[in-house]
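Here is the file my_file.cif (mmCIF, C-alpha atoms).
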data_entry
#
loop_
_atom_site.label_atom_id
_atom_site.label_comp_id
_atom_site.auth_asym_id
_atom_site.auth_seq_id
_atom_site.Cartn_x
_atom_site.Cartn_y
_atom_site.Cartn_z
CA MET A 1 0.00 0.00 0.00
CA ASN A 2 2.82 2.36 0.91
CA LYS A 3 4.53 1.57 -2.35
CA LEU A 4 1.30 2.36 -4.24
CA ILE A 5 1.02 5.71 -2.48
CA GLN A 6 4.66 6.42 -3.29
CA ILE A 7 4.07 5.59 -6.93
CA THR A 8 1.02 7.86 -7.18
CA LYS A 9 3.00 10.72 -5.64
CA SER A 10 5.39 10.68 -8.59
CA PRO A 11 4.55 13.63 -10.91
CA LYS A 12 5.31 11.61 -14.01
CA ILE A 13 2.95 8.85 -13.00
CA ARG A 14 0.23 11.46 -12.52
CA ILE A 15 0.84 12.89 -15.99
CA ILE A 16 0.85 9.41 -17.50
CA SER A 17 -2.43 8.66 -15.71
CA LEU A 18 -3.96 11.89 -17.00
CA LEU A 19 -2.90 11.11 -20.56
CA ALA A 20 -4.26 7.59 -20.17
CA ILE A 21 -7.61 9.06 -19.03
CA PHE A 22 -7.68 11.26 -22.14
CA ALA A 23 -6.92 8.28 -24.31
CA VAL A 24 -9.69 6.17 -22.76
CA TRP A 25 -12.22 9.04 -22.85
CA SER A 26 -11.43 9.80 -26.47
CA MET A 27 -11.96 6.16 -27.48
CA PHE A 28 -15.70 6.76 -27.11
CA GLY A 29 -15.60 9.05 -30.11
CA GLY A 30 -15.20 6.12 -32.48
CA ILE A 31 -12.41 4.27 -34.38
CA ALA A 32 -11.07 3.13 -30.99
CA GLN A 33 -8.87 0.46 -32.53
CA LYS A 34 -7.06 2.93 -34.72
CA LYS A 35 -6.56 5.37 -31.85
CA LEU A 36 -5.16 2.62 -29.63
CA TYR A 37 -2.86 1.53 -32.43
CA VAL A 38 -1.53 5.05 -32.95
CA ILE A 39 -0.87 5.55 -29.24
CA GLY A 40 0.82 2.15 -28.93
CA TYR A 41 2.94 2.83 -31.99
CA ALA A 42 4.06 6.24 -30.73
CA VAL A 43 4.97 4.94 -27.25
CA THR A 44 6.84 1.98 -28.74
CA ALA A 45 8.81 4.27 -31.02
CA THR A 46 9.79 6.66 -28.23
CA VAL A 47 10.82 3.83 -25.89
CA PHE A 48 12.91 2.11 -28.58
CA THR A 49 14.60 5.44 -29.39
CA GLN A 50 15.31 5.99 -25.72
CA TRP A 51 16.90 2.55 -25.43
CA MET A 52 18.88 3.01 -28.63
CA ILE A 53 20.39 6.30 -27.46
CA TRP A 54 20.83 5.78 -23.74
CA GLY A 55 20.67 2.04 -23.23
CA ARG A 56 19.37 1.18 -19.79
CA THR A 57 18.25 4.28 -17.86
CA LYS A 58 16.53 5.29 -14.67
CA LEU A 59 12.79 4.70 -14.35
CA SER A 60 12.11 8.45 -14.53
CA MET A 61 13.69 8.70 -17.98
CA PHE A 62 11.67 5.74 -19.15
CA GLN A 63 8.53 7.46 -17.86
CA SER A 64 9.51 10.61 -19.77
CA ALA A 65 9.74 8.62 -22.98
CA VAL A 66 6.31 7.13 -22.33
CA ILE A 67 4.86 10.62 -21.74
CA THR A 68 6.37 11.88 -24.99
CA GLY A 69 4.94 8.90 -26.84
CA LEU A 70 1.50 9.37 -25.32
CA ILE A 71 1.41 13.07 -26.23
CA ILE A 72 2.50 12.36 -29.80
CA GLY A 73 -0.08 9.58 -30.10
CA LEU A 74 -2.87 11.77 -28.74
CA LEU A 75 -2.13 14.62 -31.12
CA ILE A 76 -1.71 12.91 -34.47
CA ALA A 77 -4.77 11.96 -36.52
CA PRO A 78 -5.54 8.24 -36.08
CA SER A 79 -5.70 7.83 -39.82
CA GLY A 80 -2.51 9.81 -40.25
CA ASN A 81 0.83 8.82 -41.65
CA LEU A 82 2.69 6.31 -39.42
CA LEU A 83 5.96 7.62 -40.76
CA PHE A 84 4.98 11.00 -39.33
CA ILE A 85 4.64 9.40 -35.89
CA TRP A 86 7.91 7.48 -36.23
CA THR A 87 9.80 10.62 -37.25
CA ALA A 88 8.23 12.69 -34.46
CA ALA A 89 9.15 10.06 -31.86
CA VAL A 90 12.74 9.64 -33.04
CA ALA A 91 13.35 13.39 -33.54
CA GLY A 92 11.85 14.29 -30.17
CA ILE A 93 13.86 11.81 -28.12
CA THR A 94 17.05 12.46 -30.11
CA ALA A 95 16.69 16.21 -29.48
CA LYS A 96 16.89 15.47 -25.75
CA ARG A 97 20.34 14.05 -26.35
CA ILE A 98 21.67 16.59 -28.83
CA PHE A 99 20.30 19.92 -27.59
CA ARG A 100 21.28 20.30 -23.96
CA PHE A 101 21.86 23.31 -21.76
CA ARG A 102 25.32 23.22 -20.18
CA GLY A 103 25.43 19.50 -20.90
CA LYS A 104 22.71 18.75 -18.36
CA ARG A 105 19.09 19.53 -19.17
CA HIS A 106 17.58 19.21 -22.59
CA ILE A 107 16.42 22.49 -24.06
CA PHE A 108 13.41 21.60 -26.20
CA ASN A 109 10.14 19.98 -25.24
CA PRO A 110 10.63 16.60 -26.95
CA ALA A 111 7.04 16.06 -28.09
CA ALA A 112 6.81 19.59 -29.53
CA PHE A 113 10.19 19.29 -31.24
CA GLY A 114 9.39 15.96 -32.81
CA LEU A 115 5.97 17.09 -34.01
CA ILE A 116 7.33 20.26 -35.59
CA ILE A 117 10.12 18.36 -37.38
CA SER A 118 7.60 15.86 -38.71
CA GLU A 119 5.27 18.66 -39.75
CA ILE A 120 8.07 20.32 -41.73
CA ILE A 121 8.87 17.05 -43.51
CA PHE A 122 5.41 15.58 -44.04
CA SER A 123 2.95 18.51 -43.72
CA ASN A 124 0.41 18.75 -40.96
CA HIS A 125 -1.11 15.55 -39.60
CA ILE A 126 -1.74 16.96 -36.15
CA ASN A 127 -5.37 17.27 -35.15
CA TRP A 128 -5.37 17.14 -31.31
CA TRP A 129 -7.93 14.33 -31.19
CA GLY A 130 -6.88 13.25 -27.70
CA ASN A 131 -8.06 16.39 -25.96
CA SER A 132 -11.71 15.52 -25.83
CA SER A 133 -12.82 16.95 -22.49
CA SER A 134 -12.20 20.42 -21.13
CA ILE A 135 -13.49 19.29 -17.72
CA ILE A 136 -10.82 16.58 -17.41
CA ILE A 137 -8.09 18.97 -18.51
CA ILE A 138 -9.09 21.79 -16.22
CA ILE A 139 -9.99 19.80 -13.11
CA ILE A 140 -7.56 16.91 -13.11
CA GLY A 141 -4.87 18.73 -15.07
CA GLY A 142 -5.29 21.74 -12.82
CA CYS A 143 -4.88 19.63 -9.66
CA ILE A 144 -1.72 18.06 -11.04
CA LEU A 145 -0.29 21.45 -11.98
CA PHE A 146 -1.16 22.77 -8.54
CA SER A 147 0.76 19.92 -6.93
CA LEU A 148 3.71 20.60 -9.28
CA ASN A 149 3.55 24.39 -8.65
CA ARG A 150 3.19 25.01 -12.37
CA LEU A 151 -0.25 26.65 -12.55
CA SER A 152 1.22 30.09 -13.21
CA THR A 153 2.68 28.94 -16.53
CA ALA A 154 -0.67 27.70 -17.79
CA PHE A 155 -2.56 30.76 -16.56
CA ALA A 156 -0.04 33.17 -18.04
CA TYR A 157 -0.32 31.47 -21.42
CA ILE A 158 -4.14 31.44 -21.40
CA ILE A 159 -4.42 35.08 -20.31
CA VAL A 160 -1.93 36.41 -22.87
CA ARG A 161 -3.35 34.20 -25.61
CA THR A 162 -6.86 35.45 -24.88
CA VAL A 163 -5.80 39.10 -24.94
CA GLY A 164 -3.83 38.51 -28.13
CA ALA A 165 -6.75 36.75 -29.79
CA VAL A 166 -9.14 39.60 -28.94
CA LEU A 167 -6.68 42.22 -30.24
CA MET A 168 -6.29 40.23 -33.48
CA GLY A 169 -10.04 40.16 -33.92
CA SER A 170 -10.68 36.53 -32.93
CA SER A 171 -13.12 35.29 -30.34
CA PHE A 172 -12.17 35.88 -26.69
CA ASN A 173 -12.55 32.16 -25.92
CA THR A 174 -9.91 31.13 -28.48
CA ALA A 175 -7.46 30.27 -25.70
CA LEU A 176 -10.11 28.16 -23.98
CA MET A 177 -10.61 25.85 -26.94
CA LEU A 178 -9.60 22.27 -26.32
CA PRO A 179 -6.30 22.23 -28.25
CA ASN A 180 -5.08 25.31 -26.37
CA LEU A 181 -6.14 23.90 -23.00
CA PHE A 182 -4.31 20.66 -23.68
CA PHE A 183 -1.27 22.60 -24.78
CA ALA A 184 -1.30 24.88 -21.71
CA PHE A 185 -1.98 22.21 -19.09
CA ILE A 186 0.05 19.31 -20.51
CA MET A 187 2.75 20.38 -22.92
CA LEU A 188 3.79 23.81 -21.72
CA ILE A 189 4.58 22.71 -18.17
CA GLU A 190 7.11 19.95 -18.88
CA PRO A 191 9.28 20.24 -15.76
CA LYS A 192 12.70 19.95 -17.42
CA THR A 193 12.02 22.62 -20.03
CA SER A 194 9.85 25.03 -18.06
CA PRO A 195 10.84 27.16 -15.07
CA SER A 196 9.99 26.38 -11.46
CA LYS A 197 10.01 29.89 -9.99
CA ARG A 198 6.74 31.80 -10.15
CA ILE A 199 7.97 34.99 -11.80
CA GLU A 200 9.82 32.95 -14.42
CA GLN A 201 6.69 30.89 -15.02
CA TRP A 202 4.66 34.02 -15.74
CA LEU A 203 7.37 35.23 -18.13
CA PHE A 204 7.62 31.83 -19.79
CA GLY A 205 3.88 31.28 -20.19
CA GLY A 206 3.21 34.89 -21.19
CA THR A 207 5.96 34.93 -23.81
CA CYS A 208 4.70 31.65 -25.23
CA GLY A 209 1.17 33.10 -25.44
CA LEU A 210 2.45 36.23 -27.16
CA LEU A 211 4.55 34.34 -29.69
CA SER A 212 1.72 31.90 -30.32
CA THR A 213 -0.62 34.79 -31.16
CA ILE A 214 1.95 36.39 -33.48
CA PHE A 215 2.76 33.13 -35.25
CA TYR A 216 -0.94 32.35 -35.63
CA ARG A 217 -1.39 35.71 -37.32
CA PHE A 218 1.32 35.06 -39.92
CA PHE A 219 1.71 31.28 -40.20
CA ALA A 220 -1.77 30.06 -39.42
CA SER A 221 -1.39 26.79 -41.27
CA PHE A 222 1.45 25.74 -38.99
CA GLU A 223 1.12 24.53 -35.40
CA CYS A 224 1.76 27.93 -33.84
CA GLY A 225 1.52 26.88 -30.21
CA LEU A 226 4.18 24.20 -30.63
CA LEU A 227 6.40 26.58 -32.58
CA ALA A 228 6.03 29.23 -29.89
CA LEU A 229 6.93 26.67 -27.21
CA LEU A 230 10.12 25.72 -29.03
CA ALA A 231 11.04 29.38 -29.45
CA VAL A 232 10.57 30.02 -25.73
CA ASN A 233 12.51 26.85 -24.88
CA ALA A 234 15.38 28.18 -27.02
CA MET A 235 15.21 31.59 -25.31
CA ARG A 236 15.13 30.12 -21.82
CA PRO A 237 18.92 29.70 -21.46
CA LEU A 238 19.17 33.42 -22.24
CA PHE A 239 16.48 34.18 -19.64
CA PHE A 240 18.38 32.05 -17.16
CA ASN A 241 21.64 33.89 -17.75
CA PHE A 242 19.85 37.25 -17.54
CA ILE A 243 18.17 36.38 -14.24
CA GLN A 244 21.43 35.03 -12.85
CA PHE A 245 23.06 38.32 -13.83
CA ILE A 246 20.30 40.23 -11.99
CA SER A 247 20.68 38.01 -8.89
CA ILE A 248 24.44 38.56 -8.82
CA LYS A 249 23.93 42.32 -9.08
CA LYS A 250 21.35 42.21 -6.26
CA THR A 251 23.54 40.24 -3.87
CA GLY A 252 26.28 42.69 -4.66
CA GLY A 253 24.03 45.37 -3.10
CA ILE A 254 23.17 47.05 -6.39
CA HIS A 255 19.49 46.92 -7.38
CA GLU A 256 19.04 46.78 -11.12
CA ILE A 257 15.85 46.36 -13.06
CA MET B 1 27.46 -6.62 -16.12
CA LYS B 2 25.87 -3.16 -16.15
CA LYS B 3 27.63 -2.40 -19.43
CA GLN B 4 26.25 -5.61 -20.92
CA HIS B 5 22.73 -4.64 -19.85
CA GLY B 6 23.22 -1.21 -21.39
CA ASN B 7 24.39 -2.72 -24.68
CA LEU B 8 21.46 -5.12 -24.68
CA TYR B 9 19.01 -2.23 -24.32
CA ARG B 10 20.80 -0.29 -27.05
CA ALA B 11 20.67 -3.27 -29.39
CA THR B 12 17.00 -3.89 -28.62
CA GLY B 13 16.16 -0.26 -29.19
CA THR B 14 18.06 -0.05 -32.47
CA ILE B 15 16.66 -3.27 -33.88
CA GLY B 16 13.17 -2.42 -32.67
CA LEU B 17 13.25 1.03 -34.24
CA ILE B 18 14.55 -0.25 -37.56
CA THR B 19 11.95 -3.03 -37.57
CA LEU B 20 9.20 -0.52 -36.82
CA LEU B 21 10.38 1.68 -39.68
CA ALA B 22 10.58 -1.23 -42.06
CA LEU B 23 7.08 -2.40 -41.16
CA THR B 24 5.73 1.11 -41.57
CA LEU B 25 7.26 1.54 -45.00
CA TRP B 26 6.13 -1.92 -46.04
CA SER B 27 2.55 -1.33 -44.91
CA GLN B 28 2.42 2.00 -46.71
CA TYR B 29 3.76 0.48 -49.90
CA LYS B 30 2.02 -2.88 -50.00
CA GLN B 31 -1.30 -2.62 -48.22
CA LYS B 32 -4.35 -0.92 -49.64
CA SER B 33 -5.61 1.72 -47.36
CA ASN B 34 -8.59 0.52 -45.34
CA GLU B 35 -8.60 3.78 -43.52
CA HIS B 36 -11.76 5.36 -42.45
CA ASP B 37 -12.66 7.77 -45.18
CA HIS B 38 -13.38 10.95 -43.25
CA SER B 39 -14.88 12.49 -46.33
CA ASP B 40 -17.54 9.75 -46.52
CA ALA B 41 -20.50 10.87 -44.45
CA LEU B 42 -22.13 7.45 -44.70
CA GLN B 43 -19.27 5.95 -42.70
CA HIS B 44 -20.29 8.18 -39.85
CA GLY B 45 -23.77 6.72 -39.95
CA ASN B 46 -25.21 9.97 -41.25
CA THR B 47 -27.90 10.19 -43.86
CA ILE B 48 -26.96 12.36 -46.74
CA ALA B 49 -30.31 12.68 -48.47
CA SER B 50 -31.99 16.02 -48.49
CA ALA B 51 -35.31 16.61 -46.73
CA PRO B 52 -38.26 18.76 -47.77
CA LEU B 53 -38.41 22.22 -46.27
CA LYS B 54 -40.99 23.30 -43.73
CA ASP B 55 -41.59 26.82 -42.47
CA THR B 56 -39.65 28.71 -45.11
CA GLU B 57 -40.78 32.00 -43.54
CA LYS B 58 -38.53 31.70 -40.50
CA PHE B 59 -35.28 31.51 -42.50
CA ILE B 60 -33.29 34.57 -43.49
CA PRO B 61 -30.66 34.16 -46.21
CA SER B 62 -27.08 34.12 -44.86
CA GLY B 63 -24.37 36.59 -45.83
CA ALA B 64 -24.95 39.34 -48.36
CA LEU B 65 -25.59 39.65 -52.08
CA ASN B 66 -22.89 41.27 -54.18
CA SER B 67 -23.34 41.50 -57.95
CA GLY B 68 -25.70 38.54 -57.92
CA ILE B 69 -23.39 36.33 -55.86
CA ARG B 70 -24.23 35.49 -52.25
CA ILE B 71 -21.07 35.91 -50.17
CA ILE B 72 -20.98 34.17 -46.80
CA ASP B 73 -18.23 33.91 -44.16
CA TYR B 74 -18.39 30.26 -43.15
CA ASP B 75 -16.45 29.19 -40.04
CA ALA B 76 -15.69 25.82 -38.50
CA TYR B 77 -15.04 25.00 -34.86
CA GLN B 78 -14.82 21.76 -32.91
CA TYR B 79 -17.60 20.58 -33.56
CA ARG B 80 -19.91 23.01 -35.36
CA PHE B 81 -20.25 25.30 -38.34
CA VAL B 82 -21.19 28.96 -38.20
CA PRO B 83 -23.59 30.23 -39.45
CA GLU B 84 -25.93 27.39 -38.76
CA PRO B 85 -28.00 26.81 -40.81
CA LEU B 86 -26.53 28.10 -44.06
CA VAL B 87 -29.46 29.67 -45.91
CA VAL B 88 -29.50 30.49 -49.62
CA TYR B 89 -32.03 30.82 -52.41
CA ALA B 90 -32.47 28.07 -54.97
CA GLY B 91 -30.28 28.43 -58.01
CA GLU B 92 -28.14 31.31 -56.80
CA SER B 93 -24.35 31.44 -56.96
CA VAL B 94 -22.81 31.15 -53.53
CA GLU B 95 -19.31 32.16 -52.51
CA LEU B 96 -18.20 30.72 -49.19
CA ARG B 97 -15.26 32.34 -47.45
CA LEU B 98 -14.08 29.34 -45.43
CA LYS B 99 -12.01 29.33 -42.26
CA SER B 100 -11.15 26.86 -39.48
CA ASN B 101 -10.69 28.36 -36.04
CA ASP B 102 -9.19 25.70 -33.78
CA THR B 103 -8.02 22.72 -35.77
CA LYS B 104 -8.23 21.96 -39.46
CA HIS B 105 -11.71 21.16 -40.80
CA GLY B 106 -13.25 20.46 -44.16
CA VAL B 107 -16.77 21.03 -45.45
CA MET B 108 -18.75 18.83 -47.76
CA ILE B 109 -22.31 18.87 -49.07
CA PRO B 110 -22.57 15.46 -50.68
CA GLU B 111 -25.81 16.06 -52.56
CA ILE B 112 -24.41 18.92 -54.56
CA ASN B 113 -20.94 17.41 -54.88
CA PHE B 114 -19.34 20.24 -52.98
CA SER B 115 -16.24 19.67 -50.88
CA ALA B 116 -13.46 21.99 -49.72
CA GLU B 117 -10.77 22.28 -47.07
CA MET B 118 -11.12 25.01 -44.50
CA PRO B 119 -7.69 26.43 -43.75
CA LEU B 120 -6.66 27.34 -40.24
CA GLY B 121 -6.68 31.02 -39.42
CA LYS B 122 -7.16 32.44 -42.90
CA ARG B 123 -10.03 32.54 -45.36
CA LYS B 124 -10.27 30.48 -48.53
CA ILE B 125 -12.91 31.07 -51.18
CA ALA B 126 -14.99 28.23 -52.56
CA THR B 127 -18.04 28.59 -54.77
CA PHE B 128 -21.03 26.46 -55.65
CA LYS B 129 -24.41 26.83 -57.28
CA ALA B 130 -27.34 26.27 -54.92
CA PRO B 131 -29.60 23.44 -56.07
CA LEU B 132 -32.80 24.34 -57.90
CA LYS B 133 -34.89 22.23 -55.56
CA ALA B 134 -35.73 23.87 -52.22
CA GLY B 135 -35.02 21.77 -49.15
CA GLU B 136 -32.64 20.88 -46.35
CA TYR B 137 -29.26 19.50 -47.38
CA PRO B 138 -26.90 18.08 -44.74
CA ILE B 139 -23.36 19.46 -44.39
CA PHE B 140 -20.51 17.40 -42.90
CA CYS B 141 -16.94 17.88 -41.84
CA SER B 142 -14.65 16.07 -44.27
CA ILE B 143 -11.35 16.23 -42.38
CA PHE B 144 -10.84 14.35 -39.13
CA CYS B 145 -10.86 17.03 -36.47
CA GLY B 146 -11.27 15.23 -33.18
CA SER B 147 -13.26 12.64 -31.31
CA ASP B 148 -16.65 14.12 -32.25
CA HIS B 149 -15.77 14.57 -35.91
CA GLY B 150 -18.47 12.09 -36.93
CA ASP B 151 -21.15 14.22 -35.29
CA MET B 152 -19.98 17.51 -36.73
CA ARG B 153 -22.67 18.57 -39.13
CA GLY B 154 -24.62 21.51 -40.40
CA LYS B 155 -27.55 22.25 -42.71
CA LEU B 156 -27.83 23.97 -46.02
CA ILE B 157 -31.32 25.44 -46.29
CA VAL B 158 -32.29 26.18 -49.85
CA LEU B 159 -35.28 28.52 -49.98
CA PRO B 160 -37.49 28.73 -53.03
CA SER B 161 -36.21 31.51 -55.28
CA PRO B 162 -38.48 34.57 -55.67
CA GLU B 163 -39.50 33.30 -59.12
CA GLN B 164 -40.37 29.88 -57.72
CA LYS B 165 -42.30 31.54 -54.89
CA GLY B 166 -44.28 33.53 -57.39
CA GLU B 167 -45.09 30.35 -59.37
CA ILE B 168 -46.13 28.52 -56.21
CA GLN B 169 -48.42 31.36 -55.15
CA HIS B 170 -49.88 31.53 -58.67
CA GLU B 171 -50.60 27.78 -58.59
CA GLN B 172 -52.19 28.04 -55.16
CA ALA B 173 -54.38 30.95 -56.25
CA HIS B 174 -55.38 28.99 -59.37
CA SER B 175 -56.31 25.85 -57.40
CA ASN B 176 -58.38 27.93 -54.92
CA ASN B 177 -60.42 29.34 -57.79
#
Translate the structure described by the file into structure tokens.
Amino acid sequence: MNKLIQITKSPKIRIISLLAIFAVWSMFGGIAQKKLYVIGYAVTATVFTQWMIWGRTKLSMFQSAVITGLIIGLLIAPSGNLLFIWTAAVAGITAKRIFRFRGKRHIFNPAAFGLIISEIIFSNHINWWGNSSSIIIIIIGGCILFSLNRLSTAFAYIIVRTVGAVLMGSSFNTALMLPNLFFAFIMLIEPKTSPSKRIEQWLFGGTCGLLSTIFYRFFASFECGLLALLAVNAMRPLFFNFIQFISIKKTGGIHEI
Amino acid sequence: MKKQHGNLYRATGTIGLITLLALTLWSQYKQKSNEHDHSDALQHGNTIASAPLKDTEKFIPSGALNSGIRIIDYDAYQYRFVPEPLVVYAGESVELRLKSNDTKHGVMIPEINFSAEMPLGKRKIATFKAPLKAGEYPIFCSIFCGSDHGDMRGKLIVLPSPEQKGEIQHEQAHSNN
């Protein structure tokens, strides 16, 4: 029993459970076999890539690969191109190895990176079928984010995206549509590529919302949210250095803005 | 021992990935696609036949007329079309300015052989000629857009044209006499 409680406390297990709930809930929409197949394929591809690159790893890394696979499987159309899924899985996991900040943490959200690479090569097969319930995302996803102290990121994104959408002439509830909710509550908050401090979370989420709105204005046929996330991931090392610089100045007794 | 385990995982991963790729390429090349045809409304269990129109008075034509062409901004969301219903007169030329707002959608009206993609975030123009027969014609989404894609539908209401209305009224007046 204690072991079960310990397992459920793990953030990655909670995310995996949430994604599994989405998958099960979405099966009721029809073509369940195909959806299951796509999810299984994506998870298999990410796990194999993980093993190929790292060999045997810690359980947490294995869980990360499963999460990446689940996200990819839930986003790509069930009747879509399997090669798209394979490429997204391999590119996403490989990016974790190649693009690292100071040799430690990977820079890019692996699912977003893989999906964008596949989209560039094969054109868009992403249709966000897995996000079928706003209630599940907001309630369960919100509770998980609260426990991970990552709610600020999601809120910042939704607020800025809503303001941006209204200014661009779209409906005010654009940010509350299912794909955006899934993006804000699941993809944006990946712990290794998103900040943990509150002020940084607001900056991160807000910048992603702003870039997403701008990209949507000019490249609407592309997955703007994912592109914005990758751009903010790439900028984050710069943010980190800037904030470190500010902290050093502060401790030195000089207050800079 | 640990190194051996690591190598075993690496080998499994590499072979597994290559096998997966090979199977994918083989299935794409060899097998005929038995995929669900998202552009086939019948596969969603929907009827595609038109229905006769009741209460024509309550419908107001959508969009605006410009040089004899009815221009309508037609939007798609998960899982509905706006405006709903789409109302036109029989026989008139219709220009739809199509746009998807959340994920990519398509629109099809099987009975008049009309089908078009609705691009995300920008408008695309597609034209058709409204049928001569007044009635209700079902509209479906032709691109898989999510779990409720099969239930995403709209209606094209074709009102009798003013000429047809005049003929109908003339016939009615004649039969009353």
Determine, for each residue of chain B having at least one atom at most 6 Å from an atom of chain A, the closest pair of atoms and their separation in Å to one decimal, counting all atoms listed in the file; order by chain and ascending number, as CSV.
residue,atom,partner,partner_atom,distance
B:Gly6,CA,A:Gly55,CA,4.5
B:Tyr9,CA,A:Gly55,CA,4.7
B:Arg10,CA,A:Met52,CA,4.1
B:Gly13,CA,A:Phe48,CA,4.1
B:Thr14,CA,A:Met52,CA,5.0
B:Leu17,CA,A:Phe48,CA,5.8
B:Leu120,CA,A:Ser221,CA,5.4
B:Gly121,CA,A:Ala220,CA,5.0
B:Cys145,CA,A:Asn127,CA,5.7
B:Gly146,CA,A:Trp129,CA,4.0
B:Ser147,CA,A:Gly29,CA,4.5
B:Asp148,CA,A:Gly29,CA,5.6
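Note that the spacing between CA of Ser118 in chain A and CA of Ala89 in chain A amounts to 9.1 Å.
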For the file shown, report as a compact mmCIF listing (two decimals) with C-alpha atoms, in the coordinates of the input the outcome of the PyMOL selection byres ((chain A and resi 59-66) around 6) at residue level.
# COMPACT_ATOMS: atom_id res chain seq x y z
CA VAL A 43 4.97 4.94 -27.25
CA THR A 46 9.79 6.66 -28.23
CA VAL A 47 10.82 3.83 -25.89
CA LYS A 58 16.53 5.29 -14.67
CA ILE A 67 4.86 10.62 -21.74
CA THR A 68 6.37 11.88 -24.99
CA GLY A 69 4.94 8.90 -26.84
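For the pair CA of His149 in chain B and CA of Leu74 in chain A, the interatomic distance is 15.0 Å.
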Name all residues at most 12 Å from Leu167 in chain A (count all atoms listed in the file; drop same-chain ones fewer than 5 positions away) and give them as a VMD selection string. chain A and resid 160 to 162 172 174 210 213 to 214 217
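The nearest approach to Tyr137 in chain B among the residues B:Val107, B:Met152, B:Ile157, B:Leu20, with only C-alpha atoms taken into account, belongs to B:Ile157.
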Taking the file as shown, find all residues satisfying the PyMOL selection byres ((chain A and resi 228) around 10) and write them as JSON, numbers by chain. {"A": [112, 207, 208, 209, 210, 211, 212, 213, 214, 215, 216, 223, 224, 225, 226, 227, 229, 230, 231, 232, 233, 234]}
With all atoms listed in the file as the basis for distance, which of B:Lys99, B:Glu111, B:Gly91, B:Ile69 is at the shortest distance from Pro162 in chain B? B:Gly91
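One distance worth recording is that between CA of Ala76 in chain B and CA of Ile189 in chain A, which is 28.9 Å.
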Using the chain letters and numbers from the file, give me the residues hit by the PyMOL selection byres ((chain A and resi 153-155) around 9), as a PyMOL selection string. chain A and resi 145+150-152+156-160+181+183-186+188-189+194-195+198+200-206
Please report, as JSON, the centre and edge lengths in Å to one decimal of an axis-aligned box covering all listed atoms of range 179-191 of chain A with 5 Å per side.
{"center_x": 1.5, "center_y": 22.3, "center_z": -22.0, "size_x": 25.6, "size_y": 16.0, "size_z": 22.5}
Radius query 9 Å about (-29.0, 33.8, -45.9), atoms used: all atoms listed in the file, as an mmCIF file with C-alpha atoms, in the frame of the given file:
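Below you can see part_3.cif, which holds the result:
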data_model
loop_
_atom_site.group_PDB
_atom_site.id
_atom_site.type_symbol
_atom_site.label_atom_id
_atom_site.label_comp_id
_atom_site.auth_asym_id
_atom_site.auth_seq_id
_atom_site.Cartn_x
_atom_site.Cartn_y
_atom_site.Cartn_z
ATOM 1 C CA PHE B 59 -35.280 31.510 -42.500
ATOM 2 C CA ILE B 60 -33.290 34.570 -43.490
ATOM 3 C CA PRO B 61 -30.660 34.160 -46.210
ATOM 4 C CA SER B 62 -27.080 34.120 -44.860
ATOM 5 C CA GLY B 63 -24.370 36.590 -45.830
ATOM 6 C CA ALA B 64 -24.950 39.340 -48.360
ATOM 7 C CA ARG B 70 -24.230 35.490 -52.250
ATOM 8 C CA ILE B 72 -20.980 34.170 -46.800
ATOM 9 C CA PRO B 85 -28.000 26.810 -40.810
ATOM 10 C CA LEU B 86 -26.530 28.100 -44.060
ATOM 11 C CA VAL B 87 -29.460 29.670 -45.910
ATOM 12 C CA VAL B 88 -29.500 30.490 -49.620
ATOM 13 C CA TYR B 89 -32.030 30.820 -52.410
ATOM 14 C CA ILE B 157 -31.320 25.440 -46.290
#
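Comparing B:Lys58, B:Lys122, B:His105, B:Lys133 by their smallest distance to Arg80 in chain B, the closest is B:His105 (using only C-alpha atoms).
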